[in-house]
Amino acid sequence: MTHETVFPKRFNFKEVQDKWIKFWKDERIYAFDINQKGEIFSIDTPPPFVSGDLHMGHILNHSWIDFVARYHKMKGENVYFPQGFDCHGLPVELAVQREYGISQHQREKFLEKCVEWVNNNIRNMRRQFDELGYSADWDYTYRTMNDDYKYKVQLSLLYFYEKGWLYREKFPTHFCVNCETSVAKAEVGYQEEQGKLWYIKLPIAGRENEFIKIATTRPEYMEACVAVMVHPNDDRYYDLSAAEIEIPFTNRTVRVYMDSIVDINFGTGVVYVCTYGDEMDINWKINYNLDEIQIFTEDGHMNENSKYQGLTILEARDEIVKDLDEMGLIEKIEDYQHTIIVHTERSSCRKPIEYLPVYQWFINVKDFTGDIIESAEKMNWYPEKQKQRLLDWAEGLDWNWVISRQRVFGTPIPFWYCKECGEIIPPKSEDLPLDPVKIQPPIKECPSCKSKNIIGEKDVCDCWIDSSITPLEIAKWKEDEDFFKKTYINAKTHRPQGYEIIRTWLFYTLFRCKKLTGKDPFYEVMINGMVAGPDGRHMSKSLGNSVSPDEVMPDFGADAIRYWAAMGSLGDDYPFEFTWINLQSKQSIHINTILEEKEKLSESKFSKKYGIRYEQLIGASRFVTKIWNAFRFLYLNSRKMEIKDLDIDSKELSEIDSYFFSEFNNNLDMITQNLDGYNWHEAMMIFRSFFWNEICDNYIEAIKYKFYVDDPKVSKISLKNALSLFYKLITISTITMPFISEEIYSIIYKNLKKLNSIHLESWPEPYQNLPKELVESGKIGIEIIKLLRMNKSKLQMPLNQEIKKVIILSNEKNLKKIKNLTKDIVNTIRIESLELIEKSKENSIKEKPDLTAIIEDLNVVVYLFK
């Protein structure tokens, strides 16, 4: 070992990170070589949406993914680790409208600015990934907006069309009038809302002053009422079967139908069917062949079929209630807590969903849920409990997939259709990718009705259509057959993702990739939870509660942040905790006070008065510092001797070495088992406890006196053994803490191991042929040393203060072992006189000790004399 390098007193993570990011890139440390030995382990990384800034939720997710890549690489697999970006979507369009002041109706200029905005954001996100120590091979990145990606998406849609699984139809679909687009069922959810329940009297036709009473939360649907339903067993309405009901504000009457689905106990037991208030209205419309009356526009206003044309839906509600009241048709109004369906896929929206009958593009997925379930059952799930989310979704699915979106920036749906008869005109595969708005159709007239009125579809694809072929994109499907075979057909593919997109990204990927290739895409899936912000809600940029890694990286560094990520548990939500403090008093401040102060104070005054304490990252940083200091201690002691290799001779192992090598083997086995199951939390807890509590507190303390003895051979053997053990430990830490591991390796080990980077090292092997007797003796010695250190503290003696005398009592067998450890015990604890006495001769001890301690399981008693 040479000592030209210097081991600084403090770990300067900023300087270290900049150095190794450049080194890893220049030396292509993380480059994928498809011909390298080892089974190919492919990672279908989630492409983050190009919001421009990662938040701590991304950091958790992608840290875990990086742990997977590094661990499998160390285990001898040929890891294929690409990373892409999800470029399309409504948030991009909204950002471009906001940032550039360009309308989506200026189509070409708008699309140009969307691409510009995305590219700028990707540059920033790439920087954040690099600062995290992310070991993806950027030569294999992709962007869902690029033509090569669009080609695969459109080719897959053409295949689905040819198979009869893709169709265009007018059907009431989930529609967000706030975002002005249809959404898939997987993109909506439910939330509780405090509303009103209006009890309304509807006149019975032909019966003067007779009414049927309904109770509704949506009186604004009155003009779209097409039927009234009552339960056949409800005696209150037995005489109303087939009666006609007059609908206010219209010249129409609707019929009363008997249907056993009606809930007798809700409201008045009478339901008015409107097109379309909910999914039940859709079913009734189909089952009873009812009329369809559409009264809402796609931007949430009343249309020409309504007396209230031009008003927003909520404005119309107020006017309708007012008019019904003036007509004497409002009987009463009650406060009512109920559940509404909202657009949950975009957390910044969460506005109510309507059911609008518009032409949309669909993919038949209902008929194939059994195949999806079969694929899910074949995969290994980490954790297993998350599989049920997908099974429940698949088993309960009752809608086909609406894949069209009424937006601009997305993959064009590559079809034309006949304006007269609706016939779909497909493209030629060799013409893909294309935008049918810009490109002429491949035929002049409709093959069905001979009309020349052929329209290019202007809607774009749902983003999940893009992202559901990520395994095929990274495997170069329809691009490089050999690469595809090696990285998809014959590879083990790992899917890491959050539980919140199991019913979208995972569900659709299983479906689409199996249909397109005949092979299940994944060998296993690893599910992470969501990171909660300081307000307790899931961290999201749109909620304003996200924390960027840029806010904490300058103060804590990547290794501490990655350590924080490793403390999360599979499949469970994980808080990113911090506390607001008064910078002068250092006292914690309640969040409500902070919110009030933000309102009152200027930004500069607020930042001078209040700050944030990141408790989790402070704890993580302490461990990083502990690692640095421990290795620095070894380095400082290694400078006075020449170590040429780390080969261990079991004949030169001391009892203490043997015991800790054996303990390392035990801990390595537990860590490996947990990493095999992607249980980062437990693996890191084991590693931290062993390194800090056993290696630093006991092993180093028990051997460091040998570094200063007069016999250089003893010093050299002891140091070499310690360096060997510490090398295995720093090798384990490379998974979670790549920067400090590389820095320590470069200073201490690079001349010994000859690897260009520690990240080219294999997973450590356990020590072999450890002498059992020495291990047992070492255990006794360490237990005695731990006991004596603890009791010196009880006697309020500094650890470096000498103890006058110690007497150890035990049986003859133990005393023989302890006798060989006398130097270790005396020099570690600093004992002036150490006596070993058999327990049978305990009565020969005349002095009264200052403290007596017992190790019961080892049959050892210790007397201490100050």
# chains A, B, ... in the order shown; residues from 1 in each chain; ligands from 1

$ residues_around --residues "Ile686 (chain A)" --least-positions-apart "6" --cutoff "12 Å" --atoms "only C-alpha atoms" --output "short mmCIF file (atom, residue, chain, number, x, y, z; two decimals) with all heavy atoms, in the first residue's frame"
data_model
loop_
_atom_site.label_atom_id
_atom_site.label_comp_id
_atom_site.auth_asym_id
_atom_site.auth_seq_id
_atom_site.Cartn_x
_atom_site.Cartn_y
_atom_site.Cartn_z
N MET A 567 -34.07 3.21 4.32
CA MET A 567 -34.83 2.96 5.56
C MET A 567 -36.32 2.77 5.30
O MET A 567 -37.08 2.46 6.21
CB MET A 567 -34.62 4.10 6.54
CG MET A 567 -33.23 4.15 7.17
SD MET A 567 -32.89 2.71 8.23
CE MET A 567 -31.94 1.68 7.12
N GLU A 663 -18.55 -13.41 13.08
CA GLU A 663 -19.72 -12.53 13.19
C GLU A 663 -20.02 -11.84 11.86
O GLU A 663 -21.17 -11.63 11.50
CB GLU A 663 -19.49 -11.49 14.30
CG GLU A 663 -19.62 -12.05 15.69
CD GLU A 663 -21.01 -12.60 15.96
OE1 GLU A 663 -21.95 -11.80 16.13
OE2 GLU A 663 -21.16 -13.84 15.96
N PHE A 664 -18.96 -11.47 11.15
CA PHE A 664 -19.17 -10.91 9.82
C PHE A 664 -19.90 -11.91 8.92
O PHE A 664 -20.85 -11.55 8.22
CB PHE A 664 -17.85 -10.52 9.16
CG PHE A 664 -18.00 -10.19 7.70
CD1 PHE A 664 -18.46 -8.95 7.29
CD2 PHE A 664 -17.74 -11.14 6.71
CE1 PHE A 664 -18.65 -8.65 5.94
CE2 PHE A 664 -17.92 -10.85 5.36
CZ PHE A 664 -18.37 -9.61 4.99
N ASN A 666 -21.94 -14.25 9.78
CA ASN A 666 -23.35 -14.33 10.19
C ASN A 666 -24.14 -13.13 9.70
O ASN A 666 -25.26 -13.25 9.20
CB ASN A 666 -23.45 -14.43 11.72
CG ASN A 666 -22.84 -15.71 12.26
OD1 ASN A 666 -22.76 -16.71 11.55
ND2 ASN A 666 -22.41 -15.68 13.51
N ASN A 667 -23.56 -11.95 9.84
CA ASN A 667 -24.24 -10.74 9.42
C ASN A 667 -24.33 -10.65 7.89
O ASN A 667 -25.33 -10.19 7.35
CB ASN A 667 -23.54 -9.50 9.98
CG ASN A 667 -23.91 -9.22 11.42
OD1 ASN A 667 -24.88 -8.53 11.71
ND2 ASN A 667 -23.15 -9.79 12.34
N LEU A 668 -23.28 -11.10 7.21
CA LEU A 668 -23.32 -11.13 5.75
C LEU A 668 -24.46 -12.02 5.27
O LEU A 668 -25.19 -11.66 4.33
CB LEU A 668 -22.00 -11.64 5.20
CG LEU A 668 -21.94 -11.83 3.67
CD1 LEU A 668 -22.05 -10.48 2.96
CD2 LEU A 668 -20.66 -12.55 3.25
N ASP A 669 -24.64 -13.15 5.91
CA ASP A 669 -25.72 -14.07 5.52
C ASP A 669 -27.08 -13.41 5.72
O ASP A 669 -27.96 -13.48 4.83
CB ASP A 669 -25.63 -15.35 6.35
CG ASP A 669 -26.68 -16.37 5.94
OD1 ASP A 669 -26.70 -16.76 4.76
OD2 ASP A 669 -27.48 -16.76 6.80
N MET A 670 -27.28 -12.72 6.84
CA MET A 670 -28.56 -12.06 7.11
C MET A 670 -28.79 -10.90 6.14
O MET A 670 -29.90 -10.71 5.62
CB MET A 670 -28.61 -11.56 8.55
CG MET A 670 -28.70 -12.66 9.59
SD MET A 670 -28.97 -12.02 11.27
CE MET A 670 -27.38 -11.23 11.59
N ILE A 671 -27.74 -10.13 5.87
CA ILE A 671 -27.85 -9.01 4.95
C ILE A 671 -28.19 -9.52 3.55
O ILE A 671 -29.07 -8.98 2.87
CB ILE A 671 -26.54 -8.18 4.93
CG1 ILE A 671 -26.38 -7.44 6.26
CG2 ILE A 671 -26.54 -7.20 3.77
CD1 ILE A 671 -25.00 -6.82 6.44
N THR A 672 -27.51 -10.58 3.13
CA THR A 672 -27.74 -11.15 1.79
C THR A 672 -29.17 -11.65 1.65
O THR A 672 -29.83 -11.40 0.63
CB THR A 672 -26.75 -12.28 1.51
OG1 THR A 672 -25.41 -11.79 1.64
CG2 THR A 672 -26.94 -12.85 0.12
N GLN A 673 -29.66 -12.34 2.67
CA GLN A 673 -31.03 -12.83 2.63
C GLN A 673 -32.03 -11.69 2.47
O GLN A 673 -32.99 -11.78 1.70
CB GLN A 673 -31.35 -13.62 3.90
CG GLN A 673 -30.69 -14.99 3.96
CD GLN A 673 -31.09 -15.76 5.21
OE1 GLN A 673 -32.24 -15.70 5.63
NE2 GLN A 673 -30.15 -16.47 5.80
N ASN A 674 -31.80 -10.60 3.19
CA ASN A 674 -32.71 -9.46 3.10
C ASN A 674 -32.59 -8.75 1.76
O ASN A 674 -33.60 -8.32 1.19
CB ASN A 674 -32.45 -8.48 4.25
CG ASN A 674 -33.12 -8.92 5.54
OD1 ASN A 674 -34.33 -8.84 5.69
ND2 ASN A 674 -32.32 -9.42 6.48
N LEU A 675 -31.39 -8.64 1.24
CA LEU A 675 -31.23 -8.00 -0.06
C LEU A 675 -31.83 -8.86 -1.17
O LEU A 675 -32.35 -8.34 -2.15
CB LEU A 675 -29.75 -7.73 -0.35
CG LEU A 675 -29.08 -6.68 0.54
CD1 LEU A 675 -27.63 -6.49 0.12
CD2 LEU A 675 -29.82 -5.35 0.48
N ASN A 679 -35.38 -6.23 0.87
CA ASN A 679 -35.73 -5.62 2.16
C ASN A 679 -34.57 -4.73 2.58
O ASN A 679 -33.74 -5.08 3.41
CB ASN A 679 -35.98 -6.73 3.20
CG ASN A 679 -36.53 -6.17 4.50
OD1 ASN A 679 -36.47 -4.97 4.76
ND2 ASN A 679 -37.08 -7.04 5.33
N TRP A 680 -34.51 -3.55 1.96
CA TRP A 680 -33.39 -2.64 2.21
C TRP A 680 -33.34 -2.22 3.66
O TRP A 680 -32.25 -2.11 4.25
CB TRP A 680 -33.53 -1.39 1.32
CG TRP A 680 -33.96 -1.68 -0.06
CD1 TRP A 680 -35.12 -1.31 -0.66
CD2 TRP A 680 -33.23 -2.45 -1.06
NE1 TRP A 680 -35.17 -1.78 -1.95
CE2 TRP A 680 -34.03 -2.48 -2.22
CE3 TRP A 680 -32.00 -3.09 -1.07
CZ2 TRP A 680 -33.63 -3.13 -3.39
CZ3 TRP A 680 -31.60 -3.75 -2.22
CH2 TRP A 680 -32.40 -3.76 -3.35
N TRP A 692 -21.43 -0.19 13.51
CA TRP A 692 -21.27 0.82 14.56
C TRP A 692 -21.05 0.18 15.93
O TRP A 692 -20.09 0.50 16.64
CB TRP A 692 -22.53 1.71 14.58
CG TRP A 692 -22.38 2.99 15.35
CD1 TRP A 692 -21.86 3.15 16.60
CD2 TRP A 692 -22.75 4.30 14.91
NE1 TRP A 692 -21.88 4.47 16.96
CE2 TRP A 692 -22.43 5.20 15.95
CE3 TRP A 692 -23.33 4.80 13.76
CZ2 TRP A 692 -22.67 6.58 15.88
CZ3 TRP A 692 -23.58 6.17 13.69
CH2 TRP A 692 -23.25 7.05 14.72
N ASN A 693 -21.94 -0.74 16.31
CA ASN A 693 -21.93 -1.27 17.68
C ASN A 693 -20.89 -2.36 17.90
O ASN A 693 -20.39 -2.53 19.03
CB ASN A 693 -23.32 -1.81 18.04
CG ASN A 693 -24.38 -0.74 17.97
OD1 ASN A 693 -24.10 0.43 18.16
ND2 ASN A 693 -25.61 -1.14 17.68
N GLU A 694 -20.58 -3.13 16.86
CA GLU A 694 -19.64 -4.23 17.04
C GLU A 694 -18.26 -3.90 16.48
O GLU A 694 -17.26 -4.03 17.16
CB GLU A 694 -20.20 -5.50 16.38
CG GLU A 694 -21.49 -5.99 17.01
CD GLU A 694 -21.35 -6.32 18.49
OE1 GLU A 694 -20.26 -6.76 18.90
OE2 GLU A 694 -22.33 -6.11 19.23
N LEU A 729 -16.68 -4.90 4.34
CA LEU A 729 -17.75 -4.02 4.83
C LEU A 729 -18.00 -2.85 3.87
O LEU A 729 -19.14 -2.51 3.59
CB LEU A 729 -17.39 -3.49 6.22
CG LEU A 729 -17.40 -4.54 7.34
CD1 LEU A 729 -16.74 -4.00 8.59
CD2 LEU A 729 -18.83 -4.99 7.65
N ILE A 732 -19.98 -3.95 0.87
CA ILE A 732 -21.43 -4.01 1.12
C ILE A 732 -22.05 -2.62 1.00
O ILE A 732 -23.13 -2.45 0.42
CB ILE A 732 -21.71 -4.61 2.52
CG1 ILE A 732 -21.32 -6.09 2.55
CG2 ILE A 732 -23.19 -4.44 2.89
CD1 ILE A 732 -21.42 -6.71 3.93
N SER A 733 -21.34 -1.62 1.52
CA SER A 733 -21.91 -0.27 1.55
C SER A 733 -21.99 0.37 0.18
O SER A 733 -22.67 1.39 0.01
CB SER A 733 -21.08 0.63 2.48
OG SER A 733 -19.87 1.01 1.88
#

$ residues_around --residues "Tyr161 (chain A)" --least-positions-apart "5" --cutoff "9 Å" --atoms "only C-alpha atoms" --output "PDB file with all heavy atoms, in the first residue's frame"
ATOM      1  N   SER A 156     -47.881  -0.990 -32.364  1.00  0.00           N
ATOM      2  CA  SER A 156     -48.647  -1.839 -31.442  1.00  0.00           C
ATOM      3  C   SER A 156     -50.146  -1.594 -31.598  1.00  0.00           C
ATOM      4  O   SER A 156     -50.946  -2.531 -31.524  1.00  0.00           O
ATOM      5  CB  SER A 156     -48.211  -1.579 -29.998  1.00  0.00           C
ATOM      6  OG  SER A 156     -48.662  -0.319 -29.523  1.00  0.00           O
ATOM      7  N   LEU A 166     -59.027  -3.131 -31.030  1.00  0.00           N
ATOM      8  CA  LEU A 166     -59.081  -1.670 -30.964  1.00  0.00           C
ATOM      9  C   LEU A 166     -60.259  -1.204 -31.798  1.00  0.00           C
ATOM     10  O   LEU A 166     -60.450  -1.662 -32.932  1.00  0.00           O
ATOM     11  CB  LEU A 166     -57.764  -1.070 -31.480  1.00  0.00           C
ATOM     12  CG  LEU A 166     -57.626   0.452 -31.431  1.00  0.00           C
ATOM     13  CD1 LEU A 166     -56.178   0.843 -31.149  1.00  0.00           C
ATOM     14  CD2 LEU A 166     -58.081   1.111 -32.728  1.00  0.00           C
ATOM     15  N   TYR A 167     -61.057  -0.302 -31.253  1.00  0.00           N
ATOM     16  CA  TYR A 167     -62.245   0.155 -31.980  1.00  0.00           C
ATOM     17  C   TYR A 167     -62.571   1.598 -31.583  1.00  0.00           C
ATOM     18  O   TYR A 167     -62.075   2.120 -30.579  1.00  0.00           O
ATOM     19  CB  TYR A 167     -63.438  -0.768 -31.717  1.00  0.00           C
ATOM     20  CG  TYR A 167     -63.857  -0.874 -30.266  1.00  0.00           C
ATOM     21  CD1 TYR A 167     -64.895  -0.089 -29.753  1.00  0.00           C
ATOM     22  CD2 TYR A 167     -63.231  -1.769 -29.385  1.00  0.00           C
ATOM     23  CE1 TYR A 167     -65.294  -0.180 -28.428  1.00  0.00           C
ATOM     24  CE2 TYR A 167     -63.617  -1.867 -28.055  1.00  0.00           C
ATOM     25  CZ  TYR A 167     -64.651  -1.077 -27.575  1.00  0.00           C
ATOM     26  OH  TYR A 167     -65.035  -1.167 -26.262  1.00  0.00           O
ATOM     27  N   ILE A 363     -59.639   0.081 -26.335  1.00  0.00           N
ATOM     28  CA  ILE A 363     -59.002  -1.233 -26.492  1.00  0.00           C
ATOM     29  C   ILE A 363     -59.757  -2.208 -25.606  1.00  0.00           C
ATOM     30  O   ILE A 363     -60.023  -1.932 -24.425  1.00  0.00           O
ATOM     31  CB  ILE A 363     -57.510  -1.195 -26.114  1.00  0.00           C
ATOM     32  CG1 ILE A 363     -56.698  -0.521 -27.223  1.00  0.00           C
ATOM     33  CG2 ILE A 363     -56.965  -2.594 -25.860  1.00  0.00           C
ATOM     34  CD1 ILE A 363     -55.206  -0.418 -26.951  1.00  0.00           C
ATOM     35  N   PRO A 426     -56.919   2.150 -41.530  1.00  0.00           N
ATOM     36  CA  PRO A 426     -55.623   1.975 -40.871  1.00  0.00           C
ATOM     37  C   PRO A 426     -54.475   2.475 -41.751  1.00  0.00           C
ATOM     38  O   PRO A 426     -54.607   2.554 -42.986  1.00  0.00           O
ATOM     39  CB  PRO A 426     -55.539   0.465 -40.682  1.00  0.00           C
ATOM     40  CG  PRO A 426     -56.300  -0.087 -41.838  1.00  0.00           C
ATOM     41  CD  PRO A 426     -57.426   0.880 -42.106  1.00  0.00           C
TER      42      PRO A 426
END

$ residues_around --residues "Trp117 (chain A)" --least-positions-apart "2" --cutoff "10 Å" --atoms "only C-alpha atoms" --output "PyMOL selection string"
chain A and resi 50-52+87+92-93+95-96+99-100+111-115+119-122

$ residues_around --residues "Asp559 (chain A)" --least-positions-apart "2" --cutoff "7 Å" --atoms "only C-alpha atoms" --output "ChimeraX atom specification"
/A:557,561-563,736-739

$ write_last_selection --atoms "N, CA, C and O atoms" --output "short mmCIF file (atom, residue, chain, number, x, y, z; two decimals), in the first residue's frame"
data_model
loop_
_atom_site.label_atom_id
_atom_site.label_comp_id
_atom_site.auth_asym_id
_atom_site.auth_seq_id
_atom_site.Cartn_x
_atom_site.Cartn_y
_atom_site.Cartn_z
N GLY A 557 -25.59 15.62 1.20
CA GLY A 557 -24.92 14.76 0.24
C GLY A 557 -25.73 13.54 -0.13
O GLY A 557 -26.69 13.15 0.55
N ILE A 561 -28.69 10.84 1.78
CA ILE A 561 -30.04 10.82 1.20
C ILE A 561 -30.41 9.40 0.77
O ILE A 561 -31.53 8.93 0.99
N ARG A 562 -29.45 8.68 0.18
CA ARG A 562 -29.70 7.29 -0.22
C ARG A 562 -29.91 6.40 1.00
O ARG A 562 -30.71 5.47 0.97
N TYR A 563 -29.17 6.69 2.07
CA TYR A 563 -29.37 5.93 3.31
C TYR A 563 -30.79 6.14 3.83
O TYR A 563 -31.45 5.19 4.27
N THR A 736 -25.67 1.15 -1.19
CA THR A 736 -26.44 2.30 -0.71
C THR A 736 -25.64 3.58 -0.67
O THR A 736 -26.21 4.67 -0.78
N MET A 737 -24.31 3.49 -0.50
CA MET A 737 -23.49 4.69 -0.35
C MET A 737 -22.32 4.65 -1.32
O MET A 737 -21.17 4.41 -0.93
N PRO A 738 -22.58 4.89 -2.60
CA PRO A 738 -21.55 4.68 -3.61
C PRO A 738 -20.40 5.68 -3.59
O PRO A 738 -19.28 5.35 -3.96
N PHE A 739 -20.66 6.91 -3.15
CA PHE A 739 -19.62 7.94 -3.21
C PHE A 739 -18.56 7.74 -2.13
O PHE A 739 -17.36 7.73 -2.42
#

$ select_by_dssp --residues "region 63-185 of chain A" --states "strand (DSSP E)" --output "JSON, numbers by chain"
{"A": [78, 79, 80, 84, 85, 142, 143, 166, 167, 168, 169, 170, 171, 172, 173, 174, 175, 176, 181, 182]}

$ write_last_selection --atoms "N, CA, C and O atoms" --output "mmCIF file, in the first residue's frame"
data_model
loop_
_atom_site.group_PDB
_atom_site.id
_atom_site.type_symbol
_atom_site.label_atom_id
_atom_site.label_comp_id
_atom_site.auth_asym_id
_atom_site.auth_seq_id
_atom_site.Cartn_x
_atom_site.Cartn_y
_atom_site.Cartn_z
ATOM 1 N N ASN A 78 -25.403 -9.848 -15.512
ATOM 2 C CA ASN A 78 -25.137 -8.788 -16.475
ATOM 3 C C ASN A 78 -26.345 -7.858 -16.463
ATOM 4 O O ASN A 78 -27.357 -8.125 -17.103
ATOM 5 N N VAL A 79 -26.236 -6.766 -15.709
ATOM 6 C CA VAL A 79 -27.384 -5.901 -15.445
ATOM 7 C C VAL A 79 -27.560 -4.887 -16.569
ATOM 8 O O VAL A 79 -26.638 -4.125 -16.890
ATOM 9 N N TYR A 80 -28.747 -4.897 -17.150
ATOM 10 C CA TYR A 80 -29.127 -3.928 -18.177
ATOM 11 C C TYR A 80 -30.018 -2.892 -17.503
ATOM 12 O O TYR A 80 -31.137 -3.189 -17.088
ATOM 13 N N GLY A 84 -35.558 5.968 -18.987
ATOM 14 C CA GLY A 84 -36.262 6.814 -19.931
ATOM 15 C C GLY A 84 -37.020 7.932 -19.256
ATOM 16 O O GLY A 84 -36.968 8.097 -18.029
ATOM 17 N N PHE A 85 -37.736 8.708 -20.069
ATOM 18 C CA PHE A 85 -38.514 9.836 -19.567
ATOM 19 C C PHE A 85 -39.890 9.839 -20.213
ATOM 20 O O PHE A 85 -40.017 9.656 -21.422
ATOM 21 N N TYR A 142 -34.368 6.749 -23.288
ATOM 22 C CA TYR A 142 -35.418 6.949 -24.297
ATOM 23 C C TYR A 142 -36.335 8.074 -23.839
ATOM 24 O O TYR A 142 -36.395 8.420 -22.651
ATOM 25 N N ARG A 143 -37.053 8.630 -24.799
ATOM 26 C CA ARG A 143 -38.041 9.670 -24.540
ATOM 27 C C ARG A 143 -39.316 9.285 -25.276
ATOM 28 O O ARG A 143 -39.268 9.018 -26.481
ATOM 29 N N LEU A 166 -59.027 -3.131 -31.030
ATOM 30 C CA LEU A 166 -59.081 -1.670 -30.964
ATOM 31 C C LEU A 166 -60.259 -1.204 -31.798
ATOM 32 O O LEU A 166 -60.450 -1.662 -32.932
ATOM 33 N N TYR A 167 -61.057 -0.302 -31.253
ATOM 34 C CA TYR A 167 -62.245 0.155 -31.980
ATOM 35 C C TYR A 167 -62.571 1.598 -31.583
ATOM 36 O O TYR A 167 -62.075 2.120 -30.579
ATOM 37 N N ARG A 168 -63.441 2.218 -32.377
ATOM 38 C CA ARG A 168 -63.901 3.594 -32.127
ATOM 39 C C ARG A 168 -65.404 3.543 -31.939
ATOM 40 O O ARG A 168 -66.123 2.924 -32.712
ATOM 41 N N GLU A 169 -65.871 4.236 -30.894
ATOM 42 C CA GLU A 169 -67.297 4.126 -30.572
ATOM 43 C C GLU A 169 -67.745 5.341 -29.780
ATOM 44 O O GLU A 169 -66.971 5.919 -29.016
ATOM 45 N N LYS A 170 -68.990 5.732 -29.973
ATOM 46 C CA LYS A 170 -69.584 6.759 -29.123
ATOM 47 C C LYS A 170 -70.174 6.082 -27.910
ATOM 48 O O LYS A 170 -71.064 5.232 -28.024
ATOM 49 N N PHE A 171 -69.689 6.464 -26.761
ATOM 50 C CA PHE A 171 -70.104 5.790 -25.540
ATOM 51 C C PHE A 171 -69.851 6.740 -24.373
ATOM 52 O O PHE A 171 -68.879 7.504 -24.390
ATOM 53 N N PRO A 172 -70.719 6.731 -23.378
ATOM 54 C CA PRO A 172 -70.478 7.599 -22.214
ATOM 55 C C PRO A 172 -69.222 7.151 -21.455
ATOM 56 O O PRO A 172 -69.172 6.045 -20.924
ATOM 57 N N THR A 173 -68.245 8.007 -21.440
ATOM 58 C CA THR A 173 -66.977 7.679 -20.786
ATOM 59 C C THR A 173 -66.693 8.675 -19.675
ATOM 60 O O THR A 173 -67.284 9.758 -19.607
ATOM 61 N N HIS A 174 -65.781 8.290 -18.803
ATOM 62 C CA HIS A 174 -65.340 9.222 -17.765
ATOM 63 C C HIS A 174 -64.713 10.435 -18.440
ATOM 64 O O HIS A 174 -63.789 10.299 -19.238
ATOM 65 N N PHE A 175 -65.210 11.606 -18.094
ATOM 66 C CA PHE A 175 -64.733 12.812 -18.761
ATOM 67 C C PHE A 175 -64.474 13.889 -17.717
ATOM 68 O O PHE A 175 -65.339 14.207 -16.893
ATOM 69 N N CYS A 176 -63.262 14.440 -17.756
ATOM 70 C CA CYS A 176 -62.920 15.529 -16.856
ATOM 71 C C CYS A 176 -63.163 16.844 -17.585
ATOM 72 O O CYS A 176 -62.425 17.190 -18.516
ATOM 73 N N THR A 181 -60.864 16.457 -21.192
ATOM 74 C CA THR A 181 -60.451 15.221 -21.860
ATOM 75 C C THR A 181 -61.097 14.023 -21.184
ATOM 76 O O THR A 181 -61.458 14.078 -19.998
ATOM 77 N N SER A 182 -61.230 12.954 -21.958
ATOM 78 C CA SER A 182 -61.677 11.696 -21.375
ATOM 79 C C SER A 182 -60.541 11.112 -20.544
ATOM 80 O O SER A 182 -59.373 11.426 -20.762
#

$ residues_around --residues "Glu208 (chain A)" --least-positions-apart "4" --cutoff "12 Å" --atoms "only C-alpha atoms" --output "number ranges by chain"
A: 202-204, 245-246

$ write_last_selection --atoms "all heavy atoms" --output "compact mmCIF listing (two decimals), in the first residue's frame"
# COMPACT_ATOMS: atom_id res chain seq x y z
N LEU A 202 -92.02 15.63 -8.54
CA LEU A 202 -92.22 15.60 -9.99
C LEU A 202 -93.69 15.26 -10.26
O LEU A 202 -94.22 14.26 -9.75
CB LEU A 202 -91.32 14.55 -10.64
CG LEU A 202 -89.80 14.76 -10.46
CD1 LEU A 202 -89.03 13.64 -11.15
CD2 LEU A 202 -89.37 16.11 -10.99
N PRO A 203 -94.37 16.08 -11.07
CA PRO A 203 -95.81 15.84 -11.33
C PRO A 203 -96.04 14.52 -12.07
O PRO A 203 -95.29 14.17 -12.99
CB PRO A 203 -96.21 17.03 -12.20
CG PRO A 203 -95.15 18.08 -11.94
CD PRO A 203 -93.89 17.31 -11.69
N ILE A 204 -97.10 13.82 -11.66
CA ILE A 204 -97.51 12.60 -12.36
C ILE A 204 -98.50 13.02 -13.45
O ILE A 204 -99.52 13.67 -13.19
CB ILE A 204 -98.17 11.61 -11.40
CG1 ILE A 204 -97.20 11.25 -10.26
CG2 ILE A 204 -98.61 10.34 -12.14
CD1 ILE A 204 -97.83 10.39 -9.16
N ILE A 245 -94.23 10.59 -15.98
CA ILE A 245 -93.83 11.65 -15.07
C ILE A 245 -93.42 12.88 -15.89
O ILE A 245 -92.65 12.77 -16.85
CB ILE A 245 -92.66 11.21 -14.16
CG1 ILE A 245 -93.01 9.91 -13.43
CG2 ILE A 245 -92.27 12.32 -13.20
CD1 ILE A 245 -94.21 10.01 -12.51
N GLU A 246 -93.94 14.04 -15.51
CA GLU A 246 -93.59 15.27 -16.21
C GLU A 246 -92.24 15.79 -15.70
O GLU A 246 -91.99 15.84 -14.49
CB GLU A 246 -94.67 16.34 -15.97
CG GLU A 246 -96.04 15.96 -16.55
CD GLU A 246 -97.10 17.00 -16.24
OE1 GLU A 246 -96.75 18.04 -15.63
OE2 GLU A 246 -98.27 16.77 -16.58

$ residues_around --residues "region 442-459 of chain A" --least-positions-apart "6" --cutoff "9 Å" --atoms "only C-alpha atoms" --output "PyMOL selection string"
chain A and resi 360-361+404-408+410-421+423-428+435-436

$ closest_residue --among "A:Phe707, A:Phe484, A:Phe511, A:Tyr614" --to "Phe160 (chain A)" --atoms "only C-alpha atoms"
A:Phe511
